[in-house]
Amino acid sequence: MRELLKHPTGAVGVTLLSLVAFATVFGPFLAPYDPQQFHPLARLQGPSLAHWLGTDQFGRDLLSRILVGARSTILFGLFATIAGVFAGGAIGLVAGGIGGVVDNLIMRLLDGLLAVPDLLFTLLIVTVLGGGSGHAMFAVAIAFVPGLARISRSAVLSVRTRDFVTAAYARGESRGFVIVREIAPNTIAPVIVEASIRVSFAIMLGATLGFLGLGAQPPSTEWGLMIAEARQYMFRNPICVAAPGLAIALSALGFNLFGDALRDLTDPRGRR
Amino acid sequence: MTKHEPSLGSEITAHHALETRGYSLTYETPTGSVQALKSIDLVVPMGQTLGLVGESGSGKTSLAWALMRYLPSNARELGGELLLAGDDLRSKSKRQILDIRGRRLGMVFQDPSTSLNPTLTLGRQLAETLVRHRRLSNAAAWKAGEDILARTGIIRPAAMMHRYPHEASGGEKQRVVIATAFACEPECILFDEPTTALDVITSRQILDIFLKLQEETGVAALYISHDLSLVSRIAQKVAVIHKGTIVESGDTREIFQSPQHEYTRSLIAATPRPEIRLSGPAPNHDAPIVLKTHDLRVRYGSRSLLQVWLGRGEPPVEGARNVELTLRDGEILGIVGESGSGKSTIARAIAGIADFSGEIVFDGRKVRERREIDRDYRRASQIIFQNPDSSLNPRQRVGDIIARPLRLYGLEKGRAVQERVVELLTQVRLSPEYAQRFPHQLSGGEKQRVAIARAFAAKPKLVICDEITSSLDVSVQAAVSRLLVSLQAETKASCLFITHDLNLVRQIAHRIAVVYRGDVVDVFRTEDFDAPQRHDYTRSLLSAVGCVP
């Protein structure tokens with residue numbers, strides 16, 4: 001952790017992430033107004049002392065909406081990624097650990113899925129299942145499976161030839177024991193690094209789905225949805241779109257930089 | 001080429017080729033600074049060789065980098081002078097250093113496959129140096145390069161010049177690197193373990209070339225190595241470095257005959273001497289046979305059915321063939337050979353890691369393929385690998401690593417497991433609290449002890465040791481091999497001891513099998529090593545190794 005703060009991009013990433021985490025946890029308590037409350041008399045105001053970031057087309061306080069929206073947006077990203085990591089990681093572990101025909105079959109199938117862009121893939125799933133936050137999360141998680149399976153498999157391949165794995169087979173250990181107890185613990189680092197970068201993609205994808213009306217649905221407060229709703233008023237009060245957009249960009253940047261720094265620090269070649 | 005003539009200036013002031021005065025260096029790490037070199041004083045006289053001997057981490061390579069002015073960014077020089085024929089290298093600008101490297105101070109690294117650029121022909125890399133430093137035209141440089149290559153004993157230098165590094169063997173590549181270093185007739189050449197990556201016979205040839213070229217050109221050399229017996233053959237003077245300090249230096253003969261410093265004495269004592277036996281007497285002729293192999297073959301790289309149909313892929317390679325070995329109860333059989341000879345392949349087949357054909361009779365059980373090997377066979381035959389960094393799972397505690405065979409084979413239950421782990425740790429001379437540690441908290445020798453404890457935990461009848469000392473420092477090697485022999489004597493296990501170190505195998509093994517290109521060419525009792533009826537290859541191996549004088 002101390003090394004992470006010394007790493008220049010790591011320090012920026014950690015700072016951004018702590019801001020985001022703070023908003024996620026305490027957002028609803030900090031919000032000066034009720035984010036759902038309409039104020040027809042105070043529509044589309046610019047920043048002022050009463051409303052630091054101004055108000056939207058229904059007169060809702062933007063700052064409050066950003067603070068409250070942090071929770072659903074960030075948690076969406078985290079849960080979608082965690083689900084994707086577990087599924088993808090397990091598939092990669094099995095493919096790499098068993099090898100041979102099984103490996104080839106699984107990986108060729110995943111290669112096919114990998115060729116479909118993430119957004120298209122999620123759209124496809126959401127179209128089949130129907131919109132809504134839960135379905136969108138599931139869709140993003142599924143879209144992450146092929147990529148994470150690749151990462152975890154490549155980690156397995158580099159561990160699989162090490163002598164302690166050979167030693168385990170020479171002892172007569174079962175394949176399951178070797179994969180779960182000997183190989184898996186040594187593949188966690190690269191997967192965690194990849195996951196922390198992926199959270200930012202998940203946030204972006206979630207916001208995109210919200211914007212397209214396929215993720216979170218209107219009464220709820222979510223950054224992507226805020227942009228979508230305010231789109232018509234973009235030229236009358238630009239901050240309605242800019243504020244949630246910036247919030248998405250900064251939290252994505254935070255996870256991205258954090259992940260990059262983590263990768264640099266866990267890669268032994270980067271150390272002296 | 002003419003013999004090196006000292007320039008006029010150095011005649012007047014009589015400079016040494018290379019000299020360091022009170023040189024100190026530290027590395028700054030996140031956990032504080034580490035002093036790598038403490039007030040180093042060394043002298044390499046003109047035309048002579050100084051051998052710098054030390055173990056890994058002693059700072060010998062740091063000194064080489066400092067002399068080449070190629071230190072990492074976290075290195076801090078605390079003071080002292082580095083003089084090349086009287087010129088202080090530390091006061092030179094970067095541009096001047098570029099001219100000095102190669103032209104006045106050459107360097108030969110440990111591994112020729114990483115020090116050559118894989119995308120350029122060998123000739124181009126050799127000629128480039130000559131063009132750059134001796135201002136020759138391209139054609140003249142190419143011709144001069146061929147001449148130098150011929151002097152390093154390469155049989156067809158003109159053809160070799162057009163080859164790429166991957167088309168040449170390790171020995172040929174190292175000859176090219178050495179030729180490049182000598183090509184510009186520098187004042188001094190640094191050699192950093194130039195033969196460590198090569199097999200016994202090739203490294204002997206490389207040493208002979210070094211001696212020949214040095215005699216012809218009169219170039220001074222700083223020869224860095226961990227191998228005392230090797231240094232004693234080529235250097236007039238020796239310096240011994242330990243933890244960043246020169247503990248002793250002087251004439252080679254004097255140092256070897258009457259070492260003053262305790263560390264030097266321990267180094268000399270740790271070097272294996274074939275006349276000092278470590279293991280007990282060989283078992284009787286009527287001792288039961290534990291292991292017998294018949295027509296054992298191991299193939300690598302079989303083609304898939306699809307590849308056979310399409311006529312693609314390489315045909316399989318035989319890693320070992322027609323291996324006939326017998327091992328009696330309590331016997332230690334040494335298996336020697338150069339790298340790639342197939343000695344590890346044989347071990348892997350017997351340990352049930354590699355697929356094989358033929359027949360293995362072990363402990364009364366006959367197996368004809370790998371799938372027939374059951375858990376009981378695996379319990380009774382344990383393998384110890386070369387590199388303990390890789391053979392111990394970095395995420396498991398030492399206690400769990402040693403306890404695993406006990407639990408797997410159901411040898412101990414409940415609390416008795418922990419008691420047995422402590423007992424095993426004590427047997428390999430480690431204190432019981434090591435059970436709580438992770439492998440990265442241990443030194444190389446300690447890790448190998450843990451691997452040995454794990455092997456003996458299974459109460460095996462056969463222990464297969466695959467180069468178990470070669471990744472360790474000399475002084476640790478001796479301790480680990482002594483430990484192995486004493487455990488072997490206590491448990492009465494048989495042992496296959498695989499190594500490329502002939503001196504060591506003669507200390508340990510009762511009988512020796514020599515493997516050459518996948519064939520067992522010779523099997524004999526250790527005391528008959530130099531008998532006249534030995535195979536030609538055995539004799540060339542023997543002549544290639546030297547002993548401490």
# chains A, B, ... in the order shown; residues from 1 in each chain; ligands from 1
>>> select_by_dssp(residues="segment 297-509 of chain B", states="strand (DSSP E)", output="ChimeraX atom specification")
/B:297-300,317-323,326-328,332-336,357-362,365-367,381-384,462-466,494-499
>>> write_last_selection(atoms="C-alpha atoms", output="mmCIF file, in the first residue's frame")
data_model
loop_
_atom_site.group_PDB
_atom_site.id
_atom_site.type_symbol
_atom_site.label_atom_id
_atom_site.label_comp_id
_atom_site.auth_asym_id
_atom_site.auth_seq_id
_atom_site.Cartn_x
_atom_site.Cartn_y
_atom_site.Cartn_z
ATOM 1 C CA ARG B 297 12.807 -44.966 -23.502
ATOM 2 C CA VAL B 298 11.411 -41.454 -23.242
ATOM 3 C CA ARG B 299 10.055 -39.592 -26.274
ATOM 4 C CA TYR B 300 9.332 -35.899 -26.463
ATOM 5 C CA VAL B 317 12.823 -36.787 -30.196
ATOM 6 C CA GLU B 318 14.162 -39.553 -28.017
ATOM 7 C CA GLY B 319 15.266 -37.930 -24.759
ATOM 8 C CA ALA B 320 16.619 -41.205 -23.466
ATOM 9 C CA ARG B 321 16.789 -44.659 -25.006
ATOM 10 C CA ASN B 322 17.598 -48.162 -24.055
ATOM 11 C CA VAL B 323 18.356 -47.301 -20.457
ATOM 12 C CA THR B 326 19.986 -51.364 -11.517
ATOM 13 C CA LEU B 327 20.067 -49.942 -8.033
ATOM 14 C CA ARG B 328 20.562 -51.966 -4.871
ATOM 15 C CA ILE B 332 23.823 -44.248 -4.307
ATOM 16 C CA LEU B 333 24.032 -44.254 -8.084
ATOM 17 C CA GLY B 334 25.440 -41.107 -9.637
ATOM 18 C CA ILE B 335 24.212 -40.092 -13.070
ATOM 19 C CA VAL B 336 26.484 -37.636 -14.862
ATOM 20 C CA SER B 357 8.070 -47.052 -22.744
ATOM 21 C CA GLY B 358 10.000 -50.096 -21.626
ATOM 22 C CA GLU B 359 9.952 -51.496 -18.153
ATOM 23 C CA ILE B 360 10.649 -50.267 -14.634
ATOM 24 C CA VAL B 361 10.774 -52.758 -11.790
ATOM 25 C CA PHE B 362 10.671 -50.840 -8.541
ATOM 26 C CA ARG B 365 6.346 -53.862 -8.769
ATOM 27 C CA LYS B 366 6.625 -53.945 -12.530
ATOM 28 C CA VAL B 367 5.305 -50.979 -14.557
ATOM 29 C CA SER B 381 10.062 -42.858 -4.851
ATOM 30 C CA GLN B 382 10.546 -39.172 -4.072
ATOM 31 C CA ILE B 383 12.164 -36.596 -6.329
ATOM 32 C CA ILE B 384 14.049 -33.462 -5.268
ATOM 33 C CA LEU B 462 14.320 -44.284 -3.438
ATOM 34 C CA VAL B 463 15.248 -40.603 -3.475
ATOM 35 C CA ILE B 464 15.910 -39.046 -6.872
ATOM 36 C CA CYS B 465 18.107 -35.944 -6.595
ATOM 37 C CA ASP B 466 18.074 -33.918 -9.802
ATOM 38 C CA SER B 494 18.592 -45.780 -2.192
ATOM 39 C CA CYS B 495 19.474 -42.696 -4.153
ATOM 40 C CA LEU B 496 19.813 -41.583 -7.759
ATOM 41 C CA PHE B 497 22.150 -38.612 -7.631
ATOM 42 C CA ILE B 498 22.093 -36.625 -10.847
ATOM 43 C CA THR B 499 24.716 -33.957 -11.350
#
>>> residues_around(residues="Lys461 of chain B", least_positions_apart="3", cutoff="10 Å", atoms="only C-alpha atoms", output="number ranges by chain")
B: 290-291, 329-330, 362-363, 377, 379-382, 456, 458, 488, 491-495
>>> residues_around(residues="Gln35 of chain B", least_positions_apart="3", cutoff="9 Å", atoms="only C-alpha atoms", output="MDAnalysis selection string")
chainID B and resid 24:28 38 243:244
>>> atom_distance(atom1="atom CA of Ala513 of chain B", atom2="atom CA of Asp111 of chain B")
28.6 Å
>>> closest_atom_pairs(of="chain A", to="chain B", cutoff="9 Å", atoms="only C-alpha atoms", output="JSON lines")
{"residue": "A:Glu3", "atom": "CA", "partner": "B:Pro30", "partner_atom": "CA", "distance": 8.3}
{"residue": "A:Arg162", "atom": "CA", "partner": "B:Ser390", "partner_atom": "CA", "distance": 5.8}
{"residue": "A:Asp163", "atom": "CA", "partner": "B:Ser391", "partner_atom": "CA", "distance": 4.4}
{"residue": "A:Phe164", "atom": "CA", "partner": "B:Ser391", "partner_atom": "CA", "distance": 4.0}
{"residue": "A:Val165", "atom": "CA", "partner": "B:Ser391", "partner_atom": "CA", "distance": 7.6}
{"residue": "A:Thr166", "atom": "CA", "partner": "B:Ile353", "partner_atom": "CA", "distance": 7.1}
{"residue": "A:Ala167", "atom": "CA", "partner": "B:Ser391", "partner_atom": "CA", "distance": 6.8}
{"residue": "A:Tyr169", "atom": "CA", "partner": "B:Ile353", "partner_atom": "CA", "distance": 7.1}
{"residue": "A:Ala170", "atom": "CA", "partner": "B:Ile353", "partner_atom": "CA", "distance": 5.8}
{"residue": "A:Arg171", "atom": "CA", "partner": "B:Arg378", "partner_atom": "CA", "distance": 5.6}
{"residue": "A:Gly172", "atom": "CA", "partner": "B:Arg375", "partner_atom": "CA", "distance": 5.5}
{"residue": "A:Glu173", "atom": "CA", "partner": "B:Leu408", "partner_atom": "CA", "distance": 7.7}
{"residue": "A:Glu182", "atom": "CA", "partner": "B:Asn393", "partner_atom": "CA", "distance": 6.9}
{"residue": "A:Ile183", "atom": "CA", "partner": "B:Asn393", "partner_atom": "CA", "distance": 8.7}
{"residue": "A:Pro185", "atom": "CA", "partner": "B:Arg395", "partner_atom": "CA", "distance": 6.6}
{"residue": "A:Asn186", "atom": "CA", "partner": "B:Arg395", "partner_atom": "CA", "distance": 6.9}
{"residue": "A:Arg272", "atom": "CA", "partner": "B:Thr29", "partner_atom": "CA", "distance": 8.5}
>>> write_last_selection(atoms="N, CA and C atoms", output="mmCIF file, in the first residue's frame")
data_model
loop_
_atom_site.group_PDB
_atom_site.id
_atom_site.type_symbol
_atom_site.label_atom_id
_atom_site.label_comp_id
_atom_site.auth_asym_id
_atom_site.auth_seq_id
_atom_site.Cartn_x
_atom_site.Cartn_y
_atom_site.Cartn_z
ATOM 1 N N GLU A 3 3.858 1.436 -1.125
ATOM 2 C CA GLU A 3 4.492 1.519 -2.436
ATOM 3 C C GLU A 3 3.527 2.071 -3.478
ATOM 4 N N ARG A 162 5.957 -24.855 -13.394
ATOM 5 C CA ARG A 162 6.891 -24.721 -12.263
ATOM 6 C C ARG A 162 7.062 -26.071 -11.566
ATOM 7 N N ASP A 163 8.201 -26.227 -10.911
ATOM 8 C CA ASP A 163 8.514 -27.533 -10.330
ATOM 9 C C ASP A 163 7.580 -27.935 -9.204
ATOM 10 N N PHE A 164 6.989 -26.960 -8.474
ATOM 11 C CA PHE A 164 6.139 -27.405 -7.369
ATOM 12 C C PHE A 164 4.872 -28.078 -7.873
ATOM 13 N N VAL A 165 4.447 -27.727 -9.081
ATOM 14 C CA VAL A 165 3.308 -28.411 -9.687
ATOM 15 C C VAL A 165 3.732 -29.814 -10.130
ATOM 16 N N THR A 166 4.889 -29.878 -10.789
ATOM 17 C CA THR A 166 5.427 -31.184 -11.181
ATOM 18 C C THR A 166 5.594 -32.068 -9.949
ATOM 19 N N ALA A 167 6.115 -31.461 -8.867
ATOM 20 C CA ALA A 167 6.338 -32.220 -7.633
ATOM 21 C C ALA A 167 5.013 -32.762 -7.103
ATOM 22 N N TYR A 169 2.311 -33.542 -8.846
ATOM 23 C CA TYR A 169 1.909 -34.684 -9.669
ATOM 24 C C TYR A 169 2.788 -35.900 -9.365
ATOM 25 N N ALA A 170 4.082 -35.650 -9.139
ATOM 26 C CA ALA A 170 4.987 -36.759 -8.839
ATOM 27 C C ALA A 170 4.596 -37.433 -7.520
ATOM 28 N N ARG A 171 4.050 -36.655 -6.563
ATOM 29 C CA ARG A 171 3.590 -37.219 -5.292
ATOM 30 C C ARG A 171 2.355 -38.068 -5.483
ATOM 31 N N GLY A 172 1.646 -37.840 -6.612
ATOM 32 C CA GLY A 172 0.404 -38.574 -6.839
ATOM 33 C C GLY A 172 -0.829 -37.794 -6.434
ATOM 34 N N GLU A 173 -0.736 -36.463 -6.414
ATOM 35 C CA GLU A 173 -1.896 -35.644 -6.078
ATOM 36 C C GLU A 173 -2.923 -35.713 -7.212
ATOM 37 N N GLU A 182 -2.589 -25.861 -5.460
ATOM 38 C CA GLU A 182 -1.221 -25.495 -5.837
ATOM 39 C C GLU A 182 -1.204 -24.352 -6.855
ATOM 40 N N ILE A 183 -2.064 -24.417 -7.870
ATOM 41 C CA ILE A 183 -1.986 -23.429 -8.952
ATOM 42 C C ILE A 183 -2.779 -22.167 -8.628
ATOM 43 N N PRO A 185 -3.795 -20.331 -6.033
ATOM 44 C CA PRO A 185 -3.302 -19.219 -5.210
ATOM 45 C C PRO A 185 -2.221 -18.384 -5.906
ATOM 46 N N ASN A 186 -1.520 -18.995 -6.869
ATOM 47 C CA ASN A 186 -0.453 -18.267 -7.550
ATOM 48 C C ASN A 186 -0.931 -17.483 -8.764
ATOM 49 N N ARG A 272 13.222 -3.713 -9.040
ATOM 50 C CA ARG A 272 14.663 -3.912 -9.098
ATOM 51 C C ARG A 272 15.156 -4.448 -7.772
#
>>> closest_residue(among="B:Leu67, B:Cys184, B:Arg273, B:Ala416", to="Leu136 of chain B", atoms="only C-alpha atoms")
B:Cys184
>>> residues_around(residues="Pro219 of chain A", least_positions_apart="5", cutoff="12 Å", atoms="only C-alpha atoms", output="PDB file with N, CA and C atoms, in the first residue's frame")
ATOM      1  N   PRO A  35     -32.775  13.920  -3.548  1.00  0.00           N
ATOM      2  CA  PRO A  35     -32.453  13.864  -4.981  1.00  0.00           C
ATOM      3  C   PRO A  35     -33.697  13.630  -5.853  1.00  0.00           C
ATOM      4  N   GLN A  36     -34.797  13.176  -5.269  1.00  0.00           N
ATOM      5  CA  GLN A  36     -35.982  12.884  -6.070  1.00  0.00           C
ATOM      6  C   GLN A  36     -36.998  14.033  -6.048  1.00  0.00           C
ATOM      7  N   GLN A  37     -36.772  15.018  -5.171  1.00  0.00           N
ATOM      8  CA  GLN A  37     -37.763  16.064  -4.945  1.00  0.00           C
ATOM      9  C   GLN A  37     -37.783  17.064  -6.100  1.00  0.00           C
ATOM     10  N   PHE A  38     -38.959  17.249  -6.735  1.00  0.00           N
ATOM     11  CA  PHE A  38     -39.068  18.248  -7.815  1.00  0.00           C
ATOM     12  C   PHE A  38     -39.198  19.642  -7.221  1.00  0.00           C
ATOM     13  N   ARG A  65     -27.920  14.634  -6.453  1.00  0.00           N
ATOM     14  CA  ARG A  65     -28.129  13.500  -7.342  1.00  0.00           C
ATOM     15  C   ARG A  65     -26.818  12.780  -7.657  1.00  0.00           C
ATOM     16  N   GLY A  69     -26.263   9.147  -6.567  1.00  0.00           N
ATOM     17  CA  GLY A  69     -26.091   8.251  -7.721  1.00  0.00           C
ATOM     18  C   GLY A  69     -24.801   7.468  -7.681  1.00  0.00           C
ATOM     19  N   GLY A 213     -31.183   3.674 -21.880  1.00  0.00           N
ATOM     20  CA  GLY A 213     -32.492   3.313 -21.342  1.00  0.00           C
ATOM     21  C   GLY A 213     -32.630   1.829 -21.075  1.00  0.00           C
ATOM     22  N   LEU A 225     -28.018   7.481 -16.494  1.00  0.00           N
ATOM     23  CA  LEU A 225     -29.408   7.859 -16.689  1.00  0.00           C
ATOM     24  C   LEU A 225     -29.576   9.370 -16.613  1.00  0.00           C
ATOM     25  N   MET A 226     -28.827  10.016 -15.693  1.00  0.00           N
ATOM     26  CA  MET A 226     -28.907  11.476 -15.540  1.00  0.00           C
ATOM     27  C   MET A 226     -28.539  12.156 -16.848  1.00  0.00           C
ATOM     28  N   GLU A 229     -31.375  11.727 -19.392  1.00  0.00           N
ATOM     29  CA  GLU A 229     -32.547  12.553 -19.119  1.00  0.00           C
ATOM     30  C   GLU A 229     -32.301  14.022 -19.435  1.00  0.00           C
TER      31      GLU A 229
END
>>> residues_around(residues="Ser258 of chain B", least_positions_apart="4", cutoff="12 Å", atoms="only C-alpha atoms", output="ChimeraX atom specification")
/B:248-254,262,264-265,268,549
>>> atom_distance(atom1="atom CA of Leu82 of chain B", atom2="atom CA of Gln48 of chain B")
17.7 Å
>>> residues_around(residues="Ala80 of chain A", least_positions_apart="4", cutoff="10 Å", atoms="only C-alpha atoms", output="JSON, numbers by chain")
{"A": [74, 75, 76, 84, 85, 134, 136, 137, 138, 139, 140, 141, 142, 143, 144, 198, 199, 202, 203, 206]}
>>> write_last_selection(atoms="N, CA and C atoms", output="PDB file, in the first residue's frame")
ATOM      1  N   ILE A  74     -21.309   2.944  -8.841  1.00  0.00           N
ATOM      2  CA  ILE A  74     -20.076   2.258  -8.461  1.00  0.00           C
ATOM      3  C   ILE A  74     -20.353   0.800  -8.092  1.00  0.00           C
ATOM      4  N   LEU A  75     -21.419   0.581  -7.319  1.00  0.00           N
ATOM      5  CA  LEU A  75     -21.716  -0.793  -6.925  1.00  0.00           C
ATOM      6  C   LEU A  75     -22.041  -1.647  -8.149  1.00  0.00           C
ATOM      7  N   PHE A  76     -22.698  -1.036  -9.117  1.00  0.00           N
ATOM      8  CA  PHE A  76     -22.949  -1.744 -10.374  1.00  0.00           C
ATOM      9  C   PHE A  76     -21.625  -2.242 -10.954  1.00  0.00           C
ATOM     10  N   GLY A  84     -18.018 -11.359 -12.958  1.00  0.00           N
ATOM     11  CA  GLY A  84     -17.265 -11.737 -14.153  1.00  0.00           C
ATOM     12  C   GLY A  84     -15.933 -12.389 -13.793  1.00  0.00           C
ATOM     13  N   VAL A  85     -15.260 -11.851 -12.752  1.00  0.00           N
ATOM     14  CA  VAL A  85     -13.960 -12.381 -12.350  1.00  0.00           C
ATOM     15  C   VAL A  85     -14.089 -13.810 -11.852  1.00  0.00           C
ATOM     16  N   GLY A 134     -30.477  -5.017 -12.758  1.00  0.00           N
ATOM     17  CA  GLY A 134     -29.982  -6.366 -12.494  1.00  0.00           C
ATOM     18  C   GLY A 134     -29.565  -7.089 -13.755  1.00  0.00           C
ATOM     19  N   ALA A 136     -28.749  -5.724 -16.581  1.00  0.00           N
ATOM     20  CA  ALA A 136     -27.585  -5.055 -17.172  1.00  0.00           C
ATOM     21  C   ALA A 136     -26.314  -5.523 -16.493  1.00  0.00           C
ATOM     22  N   MET A 137     -26.369  -5.656 -15.161  1.00  0.00           N
ATOM     23  CA  MET A 137     -25.196  -6.106 -14.406  1.00  0.00           C
ATOM     24  C   MET A 137     -24.779  -7.505 -14.860  1.00  0.00           C
ATOM     25  N   PHE A 138     -25.780  -8.377 -14.974  1.00  0.00           N
ATOM     26  CA  PHE A 138     -25.534  -9.743 -15.439  1.00  0.00           C
ATOM     27  C   PHE A 138     -24.890  -9.719 -16.826  1.00  0.00           C
ATOM     28  N   ALA A 139     -25.408  -8.864 -17.684  1.00  0.00           N
ATOM     29  CA  ALA A 139     -24.891  -8.790 -19.054  1.00  0.00           C
ATOM     30  C   ALA A 139     -23.421  -8.363 -19.059  1.00  0.00           C
ATOM     31  N   VAL A 140     -23.099  -7.351 -18.247  1.00  0.00           N
ATOM     32  CA  VAL A 140     -21.704  -6.880 -18.201  1.00  0.00           C
ATOM     33  C   VAL A 140     -20.799  -7.989 -17.664  1.00  0.00           C
ATOM     34  N   ALA A 141     -21.280  -8.681 -16.626  1.00  0.00           N
ATOM     35  CA  ALA A 141     -20.481  -9.771 -16.057  1.00  0.00           C
ATOM     36  C   ALA A 141     -20.188 -10.829 -17.111  1.00  0.00           C
ATOM     37  N   ILE A 142     -21.209 -11.203 -17.879  1.00  0.00           N
ATOM     38  CA  ILE A 142     -21.009 -12.212 -18.921  1.00  0.00           C
ATOM     39  C   ILE A 142     -20.021 -11.706 -19.973  1.00  0.00           C
ATOM     40  N   ALA A 143     -20.138 -10.436 -20.309  1.00  0.00           N
ATOM     41  CA  ALA A 143     -19.251  -9.885 -21.332  1.00  0.00           C
ATOM     42  C   ALA A 143     -17.797  -9.935 -20.878  1.00  0.00           C
ATOM     43  N   PHE A 144     -17.575  -9.897 -19.556  1.00  0.00           N
ATOM     44  CA  PHE A 144     -16.202  -9.910 -19.037  1.00  0.00           C
ATOM     45  C   PHE A 144     -15.596 -11.308 -18.978  1.00  0.00           C
ATOM     46  N   ARG A 198     -10.847  -3.471 -14.952  1.00  0.00           N
ATOM     47  CA  ARG A 198     -12.148  -3.776 -15.558  1.00  0.00           C
ATOM     48  C   ARG A 198     -13.298  -3.028 -14.880  1.00  0.00           C
ATOM     49  N   VAL A 199     -13.154  -2.709 -13.578  1.00  0.00           N
ATOM     50  CA  VAL A 199     -14.237  -1.999 -12.894  1.00  0.00           C
ATOM     51  C   VAL A 199     -14.574  -0.720 -13.656  1.00  0.00           C
ATOM     52  N   ALA A 202     -16.654  -1.484 -16.540  1.00  0.00           N
ATOM     53  CA  ALA A 202     -18.004  -1.854 -16.107  1.00  0.00           C
ATOM     54  C   ALA A 202     -18.821  -0.608 -15.794  1.00  0.00           C
ATOM     55  N   ILE A 203     -18.175   0.369 -15.136  1.00  0.00           N
ATOM     56  CA  ILE A 203     -18.879   1.611 -14.822  1.00  0.00           C
ATOM     57  C   ILE A 203     -19.314   2.304 -16.107  1.00  0.00           C
ATOM     58  N   GLY A 206     -22.091   0.318 -17.732  1.00  0.00           N
ATOM     59  CA  GLY A 206     -23.335   0.500 -16.984  1.00  0.00           C
ATOM     60  C   GLY A 206     -23.948   1.848 -17.296  1.00  0.00           C
TER      61      GLY A 206
END
>>> residues_around(residues="Ala261 of chain A", least_positions_apart="5", cutoff="10 Å", atoms="only C-alpha atoms", output="list in words")
Glu3, Leu4, Leu5, Lys6, His7, Pro8, Thr9, Gly10, Ala11, Val12, Gly13, Val14, Val193, Phe255, Asn256, Thr266 and Asp267 of chain A
>>> atom_distance(atom1="atom CA of Leu124 of chain A", atom2="atom CA of Thr73 of chain A")
21.0 Å
>>> select_by_dssp(residues="segment 107-275 of chain B", states="helix (DSSP H, G or I)", output="PyMOL selection string")
chain B and resi 112-115+122-134+138-151+157-161+165-167+170-183+200-217+228-234+252-257+262-270
>>> decode(residues="segment 117-143 of chain A", atoms="C-alpha atoms", output="CSV table (one decimal), in the first residue's frame")
chain,number,residue,atom,x,y,z
A,117,PRO,CA,-17.3,-5.9,-28.8
A,118,ASP,CA,-18.3,-5.7,-25.1
A,119,LEU,CA,-21.1,-3.1,-25.7
A,120,LEU,CA,-22.6,-5.1,-28.5
A,121,PHE,CA,-22.5,-8.2,-26.4
A,122,THR,CA,-24.2,-6.6,-23.4
A,123,LEU,CA,-26.8,-5.0,-25.6
A,124,LEU,CA,-27.5,-8.4,-27.0
A,125,ILE,CA,-28.0,-10.0,-23.6
A,126,VAL,CA,-30.1,-7.1,-22.3
A,127,THR,CA,-32.3,-7.2,-25.4
A,128,VAL,CA,-32.9,-10.9,-24.8
A,129,LEU,CA,-33.5,-10.6,-21.0
A,130,GLY,CA,-35.1,-7.1,-21.0
A,131,GLY,CA,-33.8,-3.9,-19.4
A,132,GLY,CA,-33.2,-3.1,-15.8
A,133,SER,CA,-30.3,-2.7,-13.5
A,134,GLY,CA,-30.0,-6.4,-12.5
A,135,HIS,CA,-30.1,-7.7,-16.0
A,136,ALA,CA,-27.6,-5.1,-17.2
A,137,MET,CA,-25.2,-6.1,-14.4
A,138,PHE,CA,-25.5,-9.7,-15.4
A,139,ALA,CA,-24.9,-8.8,-19.1
A,140,VAL,CA,-21.7,-6.9,-18.2
A,141,ALA,CA,-20.5,-9.8,-16.1
A,142,ILE,CA,-21.0,-12.2,-18.9
A,143,ALA,CA,-19.3,-9.9,-21.3
